Amino acid sequence: MKLLDLTLPSPAENLACDEVLLDAAEAGAGGEVLRFWESRESFVVVGYANKVAAEVNVAACETRGIPVLRRCSGGGTVVQGSGCLNYTLILQITPDGPLHNIGLANQFIMRQNRAALEPVVNRPVAARGHTDLTIGDRKFSGNSQRRRKHFLLFHGTFLLNFDLALVSKLLPMPSTQPDYREHRAHTDFLANLNVPANEVKTALREAWKAAVPLKNPPLEKITALARHKYATREWNFKF
């Protein structure tokens, strides 16, 4: 598996990068990849099928100059920014492997990540809901998936030292919630790990055996996809 530690200048480019890596693998021009990135700019990301008006306090975002974007994968709406570590996995799907349907892939990847993170935080970590990682009943990682025929994209965020109060200002209570949330407010449901990003990166690199740097990522394709899709209102506010 190749390793790519790359944060691009804009939120749109960072989201576009994941889709381009998936498309390259599917086209036979890439392969399995583990990517890390950390945005210094705050922004909101809705899941592919989310309705912006229902999941985002748009007025609050506009007042603060915080953009709202849409990713290509499912899952719920999140707030991104400094203190969030993002990771991306591009994994090959095989007919008899653990990734051949959505549910099994979720379980397999969550088991791998849980086992990798537990020694880092030195506390029990649980996989809950569909693709959440928690310490006790507090969520520190959410994840989502996008599938092609031969490869899948699985990506998520680790809350390390994020401004959790910002989430309550920008997002209403989500329209769908995992049972274990029990209708708790964002600040009572989310938690920071308070561990260095490099320790999390090292644990995931070892867990996924990602040791070979990915050289010459397709930056021109990423820039073009960001410009024509992820930076457009037509895409971001399509629902």
# chains A, B, ... in the order shown; residues from 1 in each chain; ligands from 1
$ residues_around --residues "range 59-63 of chain A" --least-positions-apart "6" --cutoff "10 Å" --atoms "only C-alpha atoms" --output "PDB file with N, CA and C atoms, in the first residue's frame"
ATOM      1  N   SER A  42     -11.594  26.113   8.695  1.00  0.00           N
ATOM      2  CA  SER A  42     -12.838  25.467   9.129  1.00  0.00           C
ATOM      3  C   SER A  42     -13.832  25.407   7.972  1.00  0.00           C
ATOM      4  N   PHE A  43     -14.509  24.274   7.850  1.00  0.00           N
ATOM      5  CA  PHE A  43     -15.567  24.133   6.851  1.00  0.00           C
ATOM      6  C   PHE A  43     -16.499  23.012   7.274  1.00  0.00           C
ATOM      7  N   VAL A  44     -17.675  22.994   6.685  1.00  0.00           N
ATOM      8  CA  VAL A  44     -18.684  21.969   6.945  1.00  0.00           C
ATOM      9  C   VAL A  44     -18.732  21.041   5.749  1.00  0.00           C
ATOM     10  N   ALA A  53     -30.173  22.144   4.057  1.00  0.00           N
ATOM     11  CA  ALA A  53     -31.058  22.939   4.905  1.00  0.00           C
ATOM     12  C   ALA A  53     -31.434  22.216   6.187  1.00  0.00           C
ATOM     13  N   LYS A 169     -22.506  25.383  17.058  1.00  0.00           N
ATOM     14  CA  LYS A 169     -22.857  26.651  16.431  1.00  0.00           C
ATOM     15  C   LYS A 169     -23.219  26.495  14.963  1.00  0.00           C
ATOM     16  N   LEU A 170     -22.661  25.463  14.315  1.00  0.00           N
ATOM     17  CA  LEU A 170     -22.836  25.322  12.870  1.00  0.00           C
ATOM     18  C   LEU A 170     -23.811  24.227  12.467  1.00  0.00           C
ATOM     19  N   LEU A 171     -24.020  23.253  13.339  1.00  0.00           N
ATOM     20  CA  LEU A 171     -24.879  22.120  12.989  1.00  0.00           C
ATOM     21  C   LEU A 171     -26.028  21.973  13.985  1.00  0.00           C
TER      22      LEU A 171
END
$ residues_around --residues "range 7-10 of chain A" --least-positions-apart "5" --cutoff "8 Å" --atoms "only C-alpha atoms" --output "PyMOL selection string"
chain A and resi 36-39+41
$ write_last_selection --atoms "N, CA and C atoms" --output "short mmCIF file (atom, residue, chain, number, x, y, z; two decimals), in the first residue's frame"
data_model
loop_
_atom_site.label_atom_id
_atom_site.label_comp_id
_atom_site.auth_asym_id
_atom_site.auth_seq_id
_atom_site.Cartn_x
_atom_site.Cartn_y
_atom_site.Cartn_z
N PHE A 36 -3.18 10.95 4.52
CA PHE A 36 -3.48 11.81 5.67
C PHE A 36 -3.55 13.26 5.22
N TRP A 37 -4.44 14.03 5.85
CA TRP A 37 -4.47 15.47 5.61
C TRP A 37 -5.12 16.18 6.79
N GLU A 38 -4.73 17.45 6.98
CA GLU A 38 -5.23 18.25 8.09
C GLU A 38 -5.49 19.66 7.60
N SER A 39 -6.73 20.09 7.63
CA SER A 39 -7.08 21.43 7.16
C SER A 39 -6.92 22.44 8.28
N GLU A 41 -8.30 25.41 7.72
CA GLU A 41 -9.50 26.20 7.48
C GLU A 41 -10.73 25.43 7.95
#
$ residues_around --residues "Thr223 in chain A" --least-positions-apart "6" --cutoff "10 Å" --atoms "only C-alpha atoms" --output "PDB file with C-alpha atoms, in the first residue's frame"
ATOM      1  CA  LEU A   8      -3.901  20.652  -0.346  1.00  0.00           C
ATOM      2  CA  SER A  10      -8.429  24.349  -0.144  1.00  0.00           C
ATOM      3  CA  ALA A  12     -12.488  21.534  -2.254  1.00  0.00           C
ATOM      4  CA  GLU A  13      -9.109  20.205  -3.375  1.00  0.00           C
ATOM      5  CA  ASN A  14      -8.777  17.971  -0.323  1.00  0.00           C
ATOM      6  CA  ALA A  16     -11.450  16.095  -4.703  1.00  0.00           C
ATOM      7  CA  CYS A  17      -8.169  14.319  -3.974  1.00  0.00           C
ATOM      8  CA  VAL A  20      -9.352  11.192  -7.856  1.00  0.00           C
ATOM      9  CA  LYS A 229     -17.313  19.997  -8.884  1.00  0.00           C
ATOM     10  CA  TYR A 230     -16.318  20.456  -5.259  1.00  0.00           C
TER      11      TYR A 230
END
$ residues_around --residues "range 81-83 of chain A" --least-positions-apart "3" --cutoff "12 Å" --atoms "only C-alpha atoms" --output "PyMOL selection string"
chain A and resi 7+10-11+37-45+66-67+78+86+140+157-164+166-167+191-197
$ write_last_selection --atoms "C-alpha atoms" --output "mmCIF file, in the first residue's frame"
data_model
loop_
_atom_site.group_PDB
_atom_site.id
_atom_site.type_symbol
_atom_site.label_atom_id
_atom_site.label_comp_id
_atom_site.auth_asym_id
_atom_site.auth_seq_id
_atom_site.Cartn_x
_atom_site.Cartn_y
_atom_site.Cartn_z
ATOM 1 C CA THR A 7 -2.844 18.521 2.598
ATOM 2 C CA SER A 10 -8.429 24.349 -0.144
ATOM 3 C CA PRO A 11 -11.225 22.189 1.279
ATOM 4 C CA TRP A 37 -4.474 15.473 5.608
ATOM 5 C CA GLU A 38 -5.229 18.253 8.095
ATOM 6 C CA SER A 39 -7.084 21.427 7.157
ATOM 7 C CA ARG A 40 -6.311 24.706 8.905
ATOM 8 C CA GLU A 41 -9.502 26.199 7.476
ATOM 9 C CA SER A 42 -12.838 25.467 9.129
ATOM 10 C CA PHE A 43 -15.567 24.133 6.851
ATOM 11 C CA VAL A 44 -18.684 21.969 6.945
ATOM 12 C CA VAL A 45 -18.964 18.749 4.942
ATOM 13 C CA ILE A 66 -17.396 29.067 6.777
ATOM 14 C CA PRO A 67 -18.004 27.202 3.502
ATOM 15 C CA VAL A 78 -19.330 17.080 10.091
ATOM 16 C CA ASN A 86 -8.308 13.116 8.255
ATOM 17 C CA PHE A 140 -13.999 10.729 18.369
ATOM 18 C CA THR A 157 -11.764 12.072 10.768
ATOM 19 C CA PHE A 158 -10.105 11.789 14.160
ATOM 20 C CA LEU A 159 -10.894 14.562 16.630
ATOM 21 C CA LEU A 160 -7.557 15.355 18.275
ATOM 22 C CA ASN A 161 -7.928 18.863 19.723
ATOM 23 C CA PHE A 162 -10.792 20.399 17.778
ATOM 24 C CA ASP A 163 -13.040 23.258 18.926
ATOM 25 C CA LEU A 164 -16.072 21.099 19.726
ATOM 26 C CA LEU A 166 -18.009 25.191 16.983
ATOM 27 C CA VAL A 167 -19.986 22.101 15.981
ATOM 28 C CA ALA A 191 -14.664 14.033 22.440
ATOM 29 C CA ASN A 192 -11.080 14.877 21.527
ATOM 30 C CA LEU A 193 -8.341 12.271 21.810
ATOM 31 C CA ASN A 194 -5.740 14.841 22.885
ATOM 32 C CA VAL A 195 -2.882 12.859 21.365
ATOM 33 C CA PRO A 196 -0.331 14.022 18.760
ATOM 34 C CA ALA A 197 -1.292 13.540 15.120
#
$ closest_atom_pairs --of "range 19-92 of chain A" --to "range 123-138 of chain A" --cutoff "12 Å" --atoms "only C-alpha atoms" --output "tab-separated table"
residue	atom	partner	partner_atom	distance
A:Gly74	CA	A:Thr131	CA	11.1
A:Gly75	CA	A:Thr131	CA	8.8
A:Gly76	CA	A:Thr131	CA	10.7
$ write_last_selection --atoms "N, CA and C atoms" --output "PDB file, in the first residue's frame"
ATOM      1  N   GLY A  74     -21.148   8.620   1.639  1.00  0.00           N
ATOM      2  CA  GLY A  74     -22.340   8.777   2.454  1.00  0.00           C
ATOM      3  C   GLY A  74     -22.027   9.303   3.841  1.00  0.00           C
ATOM      4  N   GLY A  75     -22.900   8.940   4.795  1.00  0.00           N
ATOM      5  CA  GLY A  75     -22.672   9.350   6.173  1.00  0.00           C
ATOM      6  C   GLY A  75     -23.253  10.711   6.481  1.00  0.00           C
ATOM      7  N   GLY A  76     -22.984  11.177   7.696  1.00  0.00           N
ATOM      8  CA  GLY A  76     -23.578  12.409   8.180  1.00  0.00           C
ATOM      9  C   GLY A  76     -22.704  13.626   7.969  1.00  0.00           C
TER      10      GLY A  76
END
$ select_by_dssp --residues "range 63-196 of chain A" --states "strand (DSSP E)" --output "ChimeraX atom specification"
/A:68-70,78-80,84-92,126-128,132-135,138-147,151-159
$ write_last_selection --atoms "N, CA and C atoms" --output "short mmCIF file (atom, residue, chain, number, x, y, z; two decimals), in the first residue's frame"
data_model
loop_
_atom_site.label_atom_id
_atom_site.label_comp_id
_atom_site.auth_asym_id
_atom_site.auth_seq_id
_atom_site.Cartn_x
_atom_site.Cartn_y
_atom_site.Cartn_z
N VAL A 68 -19.65 25.51 3.04
CA VAL A 68 -20.34 24.22 3.14
C VAL A 68 -20.04 23.45 1.87
N LEU A 69 -19.49 22.24 2.03
CA LEU A 69 -19.14 21.40 0.88
C LEU A 69 -19.83 20.05 1.01
N ARG A 70 -19.83 19.32 -0.09
CA ARG A 70 -20.43 17.98 -0.13
C ARG A 70 -19.37 16.98 -0.56
N VAL A 78 -20.38 16.83 9.10
CA VAL A 78 -19.33 17.08 10.09
C VAL A 78 -18.76 18.47 9.89
N VAL A 79 -18.10 18.97 10.93
CA VAL A 79 -17.34 20.20 10.85
C VAL A 79 -15.86 19.84 10.85
N GLN A 80 -15.12 20.45 9.95
CA GLN A 80 -13.69 20.18 9.80
C GLN A 80 -12.89 21.41 10.19
N CYS A 84 -8.42 18.48 13.58
CA CYS A 84 -8.98 17.26 13.00
C CYS A 84 -7.91 16.61 12.11
N LEU A 85 -7.68 15.35 12.30
CA LEU A 85 -6.81 14.58 11.41
C LEU A 85 -7.68 13.71 10.52
N ASN A 86 -7.55 13.90 9.22
CA ASN A 86 -8.31 13.12 8.26
C ASN A 86 -7.43 12.02 7.66
N TYR A 87 -8.05 10.89 7.38
CA TYR A 87 -7.35 9.82 6.69
C TYR A 87 -8.24 9.29 5.59
N THR A 88 -7.61 8.70 4.60
CA THR A 88 -8.29 8.11 3.45
C THR A 88 -7.68 6.76 3.15
N LEU A 89 -8.52 5.77 2.92
CA LEU A 89 -8.06 4.46 2.47
C LEU A 89 -8.66 4.17 1.10
N ILE A 90 -7.83 3.80 0.15
CA ILE A 90 -8.26 3.24 -1.12
C ILE A 90 -7.90 1.77 -1.06
N LEU A 91 -8.92 0.90 -1.07
CA LEU A 91 -8.69 -0.53 -0.87
C LEU A 91 -9.30 -1.33 -2.02
N GLN A 92 -8.63 -2.41 -2.37
CA GLN A 92 -9.11 -3.26 -3.46
C GLN A 92 -10.18 -4.22 -2.96
N ALA A 126 -14.07 1.49 21.20
CA ALA A 126 -15.14 0.65 20.68
C ALA A 126 -15.59 1.16 19.32
N ALA A 127 -16.02 0.24 18.45
CA ALA A 127 -16.68 0.59 17.20
C ALA A 127 -18.18 0.53 17.44
N ARG A 128 -18.86 1.65 17.22
CA ARG A 128 -20.29 1.72 17.51
C ARG A 128 -21.01 2.37 16.34
N ASP A 132 -18.56 4.49 13.66
CA ASP A 132 -18.02 5.41 14.67
C ASP A 132 -17.00 4.69 15.53
N LEU A 133 -16.00 5.44 15.99
CA LEU A 133 -15.11 4.96 17.03
C LEU A 133 -15.33 5.81 18.27
N THR A 134 -15.40 5.16 19.42
CA THR A 134 -15.72 5.86 20.65
C THR A 134 -14.79 5.44 21.79
N ILE A 135 -14.69 6.34 22.75
CA ILE A 135 -14.13 6.01 24.06
C ILE A 135 -15.28 6.16 25.04
N ARG A 138 -18.47 8.42 24.06
CA ARG A 138 -18.15 9.66 23.36
C ARG A 138 -17.45 9.34 22.05
N LYS A 139 -17.94 9.93 21.00
CA LYS A 139 -17.42 9.67 19.64
C LYS A 139 -16.21 10.56 19.34
N PHE A 140 -15.15 9.94 18.81
CA PHE A 140 -14.00 10.73 18.37
C PHE A 140 -13.67 10.52 16.90
N SER A 141 -14.37 9.61 16.23
CA SER A 141 -14.09 9.36 14.82
C SER A 141 -15.37 8.93 14.10
N GLY A 142 -15.65 9.61 12.98
CA GLY A 142 -16.72 9.22 12.09
C GLY A 142 -16.15 8.90 10.72
N ASN A 143 -16.81 8.00 9.99
CA ASN A 143 -16.25 7.50 8.74
C ASN A 143 -17.35 7.25 7.72
N SER A 144 -16.97 7.17 6.45
CA SER A 144 -17.94 6.87 5.39
C SER A 144 -17.24 6.19 4.23
N GLN A 145 -18.04 5.69 3.31
CA GLN A 145 -17.54 4.79 2.26
C GLN A 145 -18.14 5.16 0.91
N ARG A 146 -17.35 4.97 -0.13
CA ARG A 146 -17.80 5.08 -1.52
C ARG A 146 -17.21 3.92 -2.29
N ARG A 147 -18.01 3.22 -3.08
CA ARG A 147 -17.55 2.01 -3.73
C ARG A 147 -17.59 2.13 -5.25
N PHE A 151 -12.51 -1.18 -6.46
CA PHE A 151 -11.89 -0.49 -5.34
C PHE A 151 -12.94 0.29 -4.55
N LEU A 152 -12.63 0.55 -3.31
CA LEU A 152 -13.49 1.40 -2.50
C LEU A 152 -12.68 2.51 -1.85
N LEU A 153 -13.39 3.57 -1.54
CA LEU A 153 -12.85 4.70 -0.77
C LEU A 153 -13.49 4.65 0.61
N PHE A 154 -12.65 4.66 1.63
CA PHE A 154 -13.13 4.72 3.01
C PHE A 154 -12.35 5.84 3.70
N HIS A 155 -13.07 6.83 4.18
CA HIS A 155 -12.35 7.95 4.80
C HIS A 155 -13.08 8.45 6.03
N GLY A 156 -12.31 9.14 6.89
CA GLY A 156 -12.88 9.62 8.13
C GLY A 156 -11.99 10.62 8.82
N THR A 157 -12.43 11.03 10.00
CA THR A 157 -11.76 12.07 10.77
C THR A 157 -11.52 11.59 12.19
N PHE A 158 -10.38 11.98 12.74
CA PHE A 158 -10.10 11.79 14.16
C PHE A 158 -10.08 13.16 14.83
N LEU A 159 -10.91 13.33 15.85
CA LEU A 159 -10.89 14.56 16.63
C LEU A 159 -9.72 14.49 17.61
#
$ residues_around --residues "His150 in chain A" --least-positions-apart "3" --cutoff "10 Å" --atoms "only C-alpha atoms" --output "list in words"
Leu22, Ala25, Glu26, Ala27, Gly28, Leu91, Gln92, Ile93, Thr94, Pro95, His100 and Arg147 of chain A
$ atom_distance --atom1 "CA of Leu34 in chain A" --atom2 "CA of Pro178 in chain A"
27.2 Å
$ closest_residue --among "A:Val56, A:Leu214, A:Leu3, A:Val33" --to "Ser168 in chain A" --atoms "only C-alpha atoms"
A:Val56
$ select_by_dssp --residues "range 126-204 of chain A" --states "helix (DSSP H, G or I)" --output "PyMOL selection string"
chain A and resi 164-170+179-181+186-189+197-204
$ write_last_selection --atoms "N, CA and C atoms" --output "mmCIF file, in the first residue's frame"
data_model
loop_
_atom_site.group_PDB
_atom_site.id
_atom_site.type_symbol
_atom_site.label_atom_id
_atom_site.label_comp_id
_atom_site.auth_asym_id
_atom_site.auth_seq_id
_atom_site.Cartn_x
_atom_site.Cartn_y
_atom_site.Cartn_z
ATOM 1 N N LEU A 164 -14.795 21.814 19.790
ATOM 2 C CA LEU A 164 -16.072 21.099 19.726
ATOM 3 C C LEU A 164 -17.264 22.040 19.844
ATOM 4 N N ALA A 165 -17.096 23.177 20.510
ATOM 5 C CA ALA A 165 -18.191 24.126 20.636
ATOM 6 C C ALA A 165 -18.618 24.669 19.271
ATOM 7 N N LEU A 166 -17.683 24.703 18.319
ATOM 8 C CA LEU A 166 -18.009 25.191 16.983
ATOM 9 C C LEU A 166 -19.056 24.308 16.307
ATOM 10 N N VAL A 167 -19.024 23.014 16.596
ATOM 11 C CA VAL A 167 -19.986 22.101 15.981
ATOM 12 C C VAL A 167 -21.406 22.505 16.337
ATOM 13 N N SER A 168 -21.641 22.812 17.604
ATOM 14 C CA SER A 168 -22.984 23.206 18.034
ATOM 15 C C SER A 168 -23.439 24.507 17.385
ATOM 16 N N LYS A 169 -22.506 25.383 17.058
ATOM 17 C CA LYS A 169 -22.857 26.651 16.431
ATOM 18 C C LYS A 169 -23.219 26.495 14.963
ATOM 19 N N LEU A 170 -22.661 25.463 14.315
ATOM 20 C CA LEU A 170 -22.836 25.322 12.870
ATOM 21 C C LEU A 170 -23.811 24.227 12.467
ATOM 22 N N ASP A 179 -28.272 4.871 17.882
ATOM 23 C CA ASP A 179 -28.997 4.677 19.140
ATOM 24 C C ASP A 179 -28.179 5.104 20.358
ATOM 25 N N TYR A 180 -26.881 4.835 20.326
ATOM 26 C CA TYR A 180 -26.075 5.104 21.510
ATOM 27 C C TYR A 180 -25.911 6.596 21.787
ATOM 28 N N ARG A 181 -26.249 7.452 20.838
ATOM 29 C CA ARG A 181 -26.155 8.903 21.078
ATOM 30 C C ARG A 181 -27.179 9.362 22.107
ATOM 31 N N HIS A 186 -24.159 17.965 20.769
ATOM 32 C CA HIS A 186 -22.849 17.706 20.169
ATOM 33 C C HIS A 186 -21.734 17.711 21.213
ATOM 34 N N THR A 187 -21.750 18.690 22.098
ATOM 35 C CA THR A 187 -20.665 18.813 23.077
ATOM 36 C C THR A 187 -20.692 17.709 24.126
ATOM 37 N N ASP A 188 -21.831 17.035 24.273
ATOM 38 C CA ASP A 188 -21.923 15.907 25.208
ATOM 39 C C ASP A 188 -21.683 14.566 24.515
ATOM 40 N N PHE A 189 -21.638 14.598 23.201
ATOM 41 C CA PHE A 189 -21.508 13.368 22.418
ATOM 42 C C PHE A 189 -20.100 13.184 21.854
ATOM 43 N N ALA A 197 -0.904 14.100 16.416
ATOM 44 C CA ALA A 197 -1.292 13.540 15.120
ATOM 45 C C ALA A 197 -0.290 12.506 14.634
ATOM 46 N N ASN A 198 0.985 12.737 14.864
ATOM 47 C CA ASN A 198 1.996 11.802 14.377
ATOM 48 C C ASN A 198 1.849 10.414 14.991
ATOM 49 N N GLU A 199 1.397 10.337 16.232
ATOM 50 C CA GLU A 199 1.204 9.025 16.853
ATOM 51 C C GLU A 199 0.061 8.264 16.188
ATOM 52 N N VAL A 200 -1.005 8.970 15.841
ATOM 53 C CA VAL A 200 -2.126 8.337 15.139
ATOM 54 C C VAL A 200 -1.686 7.898 13.749
ATOM 55 N N LYS A 201 -0.952 8.757 13.057
ATOM 56 C CA LYS A 201 -0.474 8.404 11.720
ATOM 57 C C LYS A 201 0.413 7.163 11.755
ATOM 58 N N THR A 202 1.315 7.111 12.704
ATOM 59 C CA THR A 202 2.219 5.958 12.800
ATOM 60 C C THR A 202 1.434 4.679 13.042
ATOM 61 N N ALA A 203 0.458 4.738 13.923
ATOM 62 C CA ALA A 203 -0.340 3.547 14.226
ATOM 63 C C ALA A 203 -1.095 3.054 12.999
ATOM 64 N N LEU A 204 -1.669 3.971 12.227
ATOM 65 C CA LEU A 204 -2.413 3.560 11.043
ATOM 66 C C LEU A 204 -1.490 3.087 9.926
#
$ closest_residue --among "A:Val120, A:Glu182, A:Ile102, A:Ala210" --to "Gly31 in chain A" --atoms "only C-alpha atoms"
A:Ala210
$ closest_residue --among "A:Asp18, A:Gly65, A:Gly30, A:Thr77" --to "Lys215 in chain A" --atoms "only C-alpha atoms"
A:Gly30
$ atom_distance --atom1 "CA of Thr176 in chain A" --atom2 "CA of Arg71 in chain A"
17.8 Å
$ atom_distance --atom1 "CA of Arg35 in chain A" --atom2 "CA of Arg233 in chain A"
26.5 Å
